[in-house]
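Chemist: Sharing a structure below in structure tokens format, with a few things to ask.
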Amino acid sequence: MKKLSARRRHPLAAVVVLLLALAATGGLYTAFAPADKAQADTSAQSLAIDEGKKLYAVGCASCHGTGGQGSSDGPGLAGVGAAAVDFQVATGRMPAQQPGAQIPKKKNIYSQAEIDQLAAYVASLGAGPNVPTAEQYDPASADIAEGGELFRTNCAQCHNFTGKGGALTNGKYAPTLEDVDPKHIYEAMQTGPQNMPSFPDTTLTEKNKKDIIAYLDAVNSDDSESPGGLELGGLGPVSEGLFGWIFGLGGLIAVAVWVAARTAKAKKS
């Protein structure tokens, strides 16, 4: 009998065999898998730092130094963290228009993406507080009563017991906390901007900060009621006492003068 000649293999047969072997060992996934997530995150962070450095050179370096070392016009930024940058820049306090006892809040000139890049660069200069997550400052499940106690103990001396703000010394002041973004209140407690002391988690825990934010949200909302009646802006006993002295005592004096005048007129008659 004639020997059957061997069939000629298809040119792609070897490739198919190799792919099957790779699939069996998990190598197929490795060969076609996207770049490692950690490596991608590192690259994105490096890009954010580079872009932030450019923004910093234009808007911040003249006061804080080319490398964040500080100068006579601005403090060093190593170790302030991303949270400080997010607070100061997002509220428009930085870049400052001019040096002064207090840098006021003003309209922000950067987009949130640019703020994130600036924060990434400053954070690379030294470890500091991170920008909080939405869950950290969401007051939905917080204890308002506990927040009120904590606020009156730690904050009311400067900000007034309902967060209306107040005067300090040498042209400084504690700003009002009405209509302030909860994120920025949390960051202010983390970082202690300007004349305010910082309250790290060792002093006020994450829950404590959330409770304080919930208290401020409650007392400054349109739904809050004043059981004492006319609250005079919620500015506290000084303004209320002044109102009492000026209008209350003034009213009594006016009544006394009227009575005396009527009495004198009656005697003449």
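Ligands are numbered from 1 in the order shown, chains are lettered A, B, ... in the order of the structure tokens, and residues start at 1 in each chain.
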Please return, as a PDB file with C-alpha atoms, in the first residue's frame, all residues of range 1-210 of chain A that DSSP assigns to strand (DSSP E or B) on the basis of the backbone.
Modeler:
ATOM      1  CA  SER A  71      10.134  84.393  52.736  1.00  0.00           C
ATOM      2  CA  GLY A  74       4.894  84.348  53.316  1.00  0.00           C
ATOM      3  CA  GLY A 166     -16.106  88.100  65.967  1.00  0.00           C
ATOM      4  CA  ALA A 167     -13.312  90.617  66.393  1.00  0.00           C
ATOM      5  CA  TYR A 173     -11.004  88.630  63.269  1.00  0.00           C
ATOM      6  CA  ALA A 174     -12.719  85.255  63.291  1.00  0.00           C
TER       7      ALA A 174
END
Chemist: Pick out the residues sitting within 10 Å of Gly52 in chain A, and hand them over as a list in words; count only C-alpha atoms, and ignore anything fewer than 2 positions along from it in its own chain.
Modeler: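 Result of the neighbour search: Ser46, Leu47, Ala48, Ile49, Asp50, Lys54, Leu55, Tyr56, Ala57, Ala113, Glu114, Ile115, Asp116, Gln117, Leu118, Ala119, Ala120, Tyr121 and Val122 of chain A.
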Chemist: Mind writing the picked residues with all heavy atoms as a compact mmCIF listing (two decimals), in the first residue's frame?
Modeler:
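See out-v6.txt below for the written result:
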# COMPACT_ATOMS: atom_id res chain seq x y z
N SER A 46 2.50 62.11 39.39
CA SER A 46 3.70 62.83 38.95
C SER A 46 3.33 63.96 38.00
O SER A 46 3.88 65.07 38.08
CB SER A 46 4.67 61.87 38.27
OG SER A 46 5.11 60.88 39.16
N LEU A 47 2.36 63.69 37.11
CA LEU A 47 1.91 64.72 36.18
C LEU A 47 1.23 65.87 36.92
O LEU A 47 1.47 67.04 36.62
CB LEU A 47 0.94 64.11 35.16
CG LEU A 47 0.38 65.07 34.10
CD1 LEU A 47 1.51 65.65 33.26
CD2 LEU A 47 -0.63 64.33 33.21
N ALA A 48 0.41 65.52 37.93
CA ALA A 48 -0.27 66.55 38.72
C ALA A 48 0.75 67.42 39.45
O ALA A 48 0.61 68.64 39.53
CB ALA A 48 -1.23 65.91 39.71
N ILE A 49 1.80 66.79 40.00
CA ILE A 49 2.84 67.54 40.71
C ILE A 49 3.56 68.49 39.76
O ILE A 49 3.82 69.65 40.08
CB ILE A 49 3.82 66.57 41.39
CG1 ILE A 49 3.13 65.84 42.54
CG2 ILE A 49 5.06 67.31 41.90
CD1 ILE A 49 3.95 64.72 43.14
N ASP A 50 3.88 68.00 38.56
CA ASP A 50 4.58 68.84 37.56
C ASP A 50 3.72 70.04 37.17
O ASP A 50 4.23 71.17 37.08
CB ASP A 50 4.92 68.00 36.32
CG ASP A 50 6.01 66.97 36.60
OD1 ASP A 50 6.72 67.14 37.61
OD2 ASP A 50 6.12 66.00 35.82
N LYS A 54 4.21 74.29 38.08
CA LYS A 54 4.14 75.41 37.13
C LYS A 54 3.18 76.49 37.65
O LYS A 54 3.47 77.69 37.59
CB LYS A 54 3.66 74.90 35.76
CG LYS A 54 4.63 73.95 35.08
CD LYS A 54 4.02 73.40 33.80
CE LYS A 54 4.91 72.32 33.17
NZ LYS A 54 4.26 71.71 31.98
N LEU A 55 2.02 76.06 38.14
CA LEU A 55 1.06 77.01 38.70
C LEU A 55 1.64 77.72 39.91
O LEU A 55 1.45 78.93 40.10
CB LEU A 55 -0.24 76.28 39.09
CG LEU A 55 -1.08 75.72 37.95
CD1 LEU A 55 -2.14 74.77 38.49
CD2 LEU A 55 -1.73 76.85 37.16
N TYR A 56 2.36 76.97 40.73
CA TYR A 56 2.98 77.54 41.93
C TYR A 56 4.00 78.61 41.55
O TYR A 56 4.06 79.67 42.19
CB TYR A 56 3.65 76.42 42.72
CG TYR A 56 4.40 76.90 43.94
CD1 TYR A 56 3.76 77.00 45.17
CD2 TYR A 56 5.74 77.27 43.87
CE1 TYR A 56 4.43 77.46 46.30
CE2 TYR A 56 6.42 77.73 44.98
CZ TYR A 56 5.76 77.82 46.19
OH TYR A 56 6.43 78.29 47.30
N ALA A 57 4.79 78.36 40.54
CA ALA A 57 5.82 79.31 40.13
C ALA A 57 5.22 80.64 39.71
O ALA A 57 5.80 81.71 39.93
CB ALA A 57 6.65 78.72 38.98
N ALA A 113 -9.57 71.58 39.34
CA ALA A 113 -8.48 70.75 38.82
C ALA A 113 -7.12 71.41 39.08
O ALA A 113 -6.16 70.73 39.45
CB ALA A 113 -8.67 70.51 37.32
N GLU A 114 -7.06 72.72 38.90
CA GLU A 114 -5.81 73.45 39.16
C GLU A 114 -5.47 73.46 40.65
O GLU A 114 -4.30 73.34 41.04
CB GLU A 114 -5.92 74.87 38.63
CG GLU A 114 -5.94 74.96 37.11
CD GLU A 114 -6.24 76.35 36.60
OE1 GLU A 114 -7.00 77.09 37.27
OE2 GLU A 114 -5.72 76.71 35.52
N ILE A 115 -6.51 73.58 41.49
CA ILE A 115 -6.29 73.53 42.94
C ILE A 115 -5.73 72.17 43.34
O ILE A 115 -4.81 72.07 44.16
CB ILE A 115 -7.60 73.83 43.69
CG1 ILE A 115 -8.03 75.27 43.43
CG2 ILE A 115 -7.44 73.58 45.18
CD1 ILE A 115 -9.42 75.59 43.95
N ASP A 116 -6.27 71.12 42.75
CA ASP A 116 -5.78 69.76 43.04
C ASP A 116 -4.31 69.62 42.64
O ASP A 116 -3.52 68.96 43.33
CB ASP A 116 -6.62 68.72 42.31
CG ASP A 116 -8.05 68.64 42.83
OD1 ASP A 116 -8.29 69.12 43.96
OD2 ASP A 116 -8.92 68.12 42.12
N GLN A 117 -3.94 70.22 41.52
CA GLN A 117 -2.54 70.15 41.07
C GLN A 117 -1.63 70.94 42.01
O GLN A 117 -0.54 70.47 42.37
CB GLN A 117 -2.45 70.69 39.64
CG GLN A 117 -3.11 69.78 38.62
CD GLN A 117 -3.28 70.45 37.26
OE1 GLN A 117 -3.08 71.65 37.11
NE2 GLN A 117 -3.66 69.67 36.25
N LEU A 118 -2.05 72.13 42.42
CA LEU A 118 -1.28 72.91 43.39
C LEU A 118 -1.13 72.15 44.69
O LEU A 118 -0.04 72.11 45.30
CB LEU A 118 -1.97 74.25 43.66
CG LEU A 118 -1.65 75.42 42.74
CD1 LEU A 118 -2.61 76.56 43.01
CD2 LEU A 118 -0.22 75.88 42.93
N ALA A 119 -2.22 71.52 45.13
CA ALA A 119 -2.19 70.76 46.37
C ALA A 119 -1.24 69.58 46.26
O ALA A 119 -0.51 69.26 47.21
CB ALA A 119 -3.60 70.27 46.72
N ALA A 120 -1.22 68.92 45.10
CA ALA A 120 -0.31 67.79 44.90
C ALA A 120 1.14 68.23 44.99
O ALA A 120 1.98 67.55 45.59
CB ALA A 120 -0.59 67.13 43.55
N TYR A 121 1.45 69.39 44.40
CA TYR A 121 2.83 69.88 44.45
C TYR A 121 3.24 70.24 45.87
O TYR A 121 4.30 69.84 46.35
CB TYR A 121 3.01 71.09 43.54
CG TYR A 121 4.36 71.75 43.73
CD1 TYR A 121 5.54 71.10 43.36
CD2 TYR A 121 4.46 73.01 44.33
CE1 TYR A 121 6.78 71.69 43.57
CE2 TYR A 121 5.70 73.59 44.54
CZ TYR A 121 6.85 72.93 44.16
OH TYR A 121 8.08 73.50 44.38
N VAL A 122 2.40 70.99 46.58
CA VAL A 122 2.75 71.40 47.95
C VAL A 122 2.84 70.18 48.86
O VAL A 122 3.71 70.10 49.73
CB VAL A 122 1.71 72.42 48.47
CG1 VAL A 122 1.95 72.71 49.96
CG2 VAL A 122 1.79 73.71 47.67
Chemist: Using only C-alpha atoms, I'd like a table of the residues in range 171-264 of chain A that come within 9 Å of range 90-101 of chain A; for each, show the closest atom pair and its distance in Å rounded to one decimal, ordered by chain and ascending number, as CSV.
Modeler:
residue,atom,partner,partner_atom,distance
A:Gly171,CA,A:Ala101,CA,5.9
A:Lys172,CA,A:Ala101,CA,5.7
A:Tyr173,CA,A:Ala101,CA,8.9
A:His184,CA,A:Thr91,CA,8.0
A:Gln194,CA,A:Ala101,CA,9.0
Chemist: Could you write out, as an MDAnalysis selection string, all the residues of range 136-254 of chain A that DSSP marks as alpha helix (DSSP H)?
Modeler: chainID A and resid 136:137 144:154 156:159 182:191 206:219 237:243 250:254
Chemist: Report the distance between CA of Leu177 in chain A and CA of Gly163 in chain A in Å, rounded to one decimal place.
Modeler: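 Those two atoms sit 5.1 Å apart.
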Chemist: Excluding same-chain residues fewer than 5 positions from Gln136 in chain A, what lies within 8 Å of it counting only C-alpha atoms, as an MDAnalysis selection string?
Modeler: chainID A and resid 206:207 210
Chemist: Go ahead and dump the residues you just picked, N, CA and C atoms, as an mmCIF file, in the first residue's frame.
Modeler:
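Output file result.cif follows:
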data_model
loop_
_atom_site.group_PDB
_atom_site.id
_atom_site.type_symbol
_atom_site.label_atom_id
_atom_site.label_comp_id
_atom_site.auth_asym_id
_atom_site.auth_seq_id
_atom_site.Cartn_x
_atom_site.Cartn_y
_atom_site.Cartn_z
ATOM 1 N N GLU A 206 -12.295 62.584 63.940
ATOM 2 C CA GLU A 206 -13.056 62.763 62.699
ATOM 3 C C GLU A 206 -14.543 62.898 63.002
ATOM 4 N N LYS A 207 -15.051 62.105 63.938
ATOM 5 C CA LYS A 207 -16.462 62.187 64.318
ATOM 6 C C LYS A 207 -16.758 63.535 64.981
ATOM 7 N N LYS A 210 -17.142 66.160 62.376
ATOM 8 C CA LYS A 210 -18.414 65.994 61.662
ATOM 9 C C LYS A 210 -19.577 66.499 62.521
#
Chemist: Find the residues near Thr191 in chain A: any atom within 10 Å, counting only C-alpha atoms, skip ones fewer than 3 places away on the same chain, and give them as a list in words.
Modeler: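 Final neighbour list, sorted by chain and number: Val80, Gly81, Ala82, Ala83, Ala84, Val85, Phe87, Gly128, Pro129, Asn130, Tyr186, Glu187, Ala188, Gln194, Met196, Pro197, Ser198, Phe199 and Pro200 of chain A.
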Chemist: Save out the residues we just selected, C-alpha atoms, as a PDB file, in the first residue's frame.
Modeler:
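So the final result, stored in out.pdb, reads:
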ATOM      1  CA  VAL A  80       1.159  72.140  55.486  1.00  0.00           C
ATOM      2  CA  GLY A  81      -0.413  69.403  53.366  1.00  0.00           C
ATOM      3  CA  ALA A  82      -2.910  69.307  50.525  1.00  0.00           C
ATOM      4  CA  ALA A  83      -5.818  70.243  52.830  1.00  0.00           C
ATOM      5  CA  ALA A  84      -4.292  73.665  53.596  1.00  0.00           C
ATOM      6  CA  VAL A  85      -3.868  74.422  49.891  1.00  0.00           C
ATOM      7  CA  PHE A  87      -8.814  75.539  51.840  1.00  0.00           C
ATOM      8  CA  GLY A 128       0.661  67.052  55.937  1.00  0.00           C
ATOM      9  CA  PRO A 129      -3.141  66.726  56.241  1.00  0.00           C
ATOM     10  CA  ASN A 130      -4.861  65.324  53.159  1.00  0.00           C
ATOM     11  CA  TYR A 186     -13.274  70.468  58.129  1.00  0.00           C
ATOM     12  CA  GLU A 187     -10.045  71.597  56.444  1.00  0.00           C
ATOM     13  CA  ALA A 188      -9.846  74.680  58.676  1.00  0.00           C
ATOM     14  CA  GLN A 194      -4.130  82.217  59.873  1.00  0.00           C
ATOM     15  CA  MET A 196      -6.943  79.776  64.168  1.00  0.00           C
ATOM     16  CA  PRO A 197      -5.350  76.879  66.091  1.00  0.00           C
ATOM     17  CA  SER A 198      -5.345  73.469  64.403  1.00  0.00           C
ATOM     18  CA  PHE A 199      -7.415  70.573  65.734  1.00  0.00           C
ATOM     19  CA  PRO A 200      -5.814  67.323  64.516  1.00  0.00           C
TER      20      PRO A 200
END
Chemist: Please measure the separation of CA of Pro182 in chain A and CA of Val219 in chain A, giving the value in Å to one decimal.
Modeler: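 A separation of 13.8 Å between them.
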Chemist: Between CA of Thr42 in chain A and CA of His64 in chain A, what distance in Å does the model show, to one decimal?
Modeler: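 It comes out at 26.6 Å.
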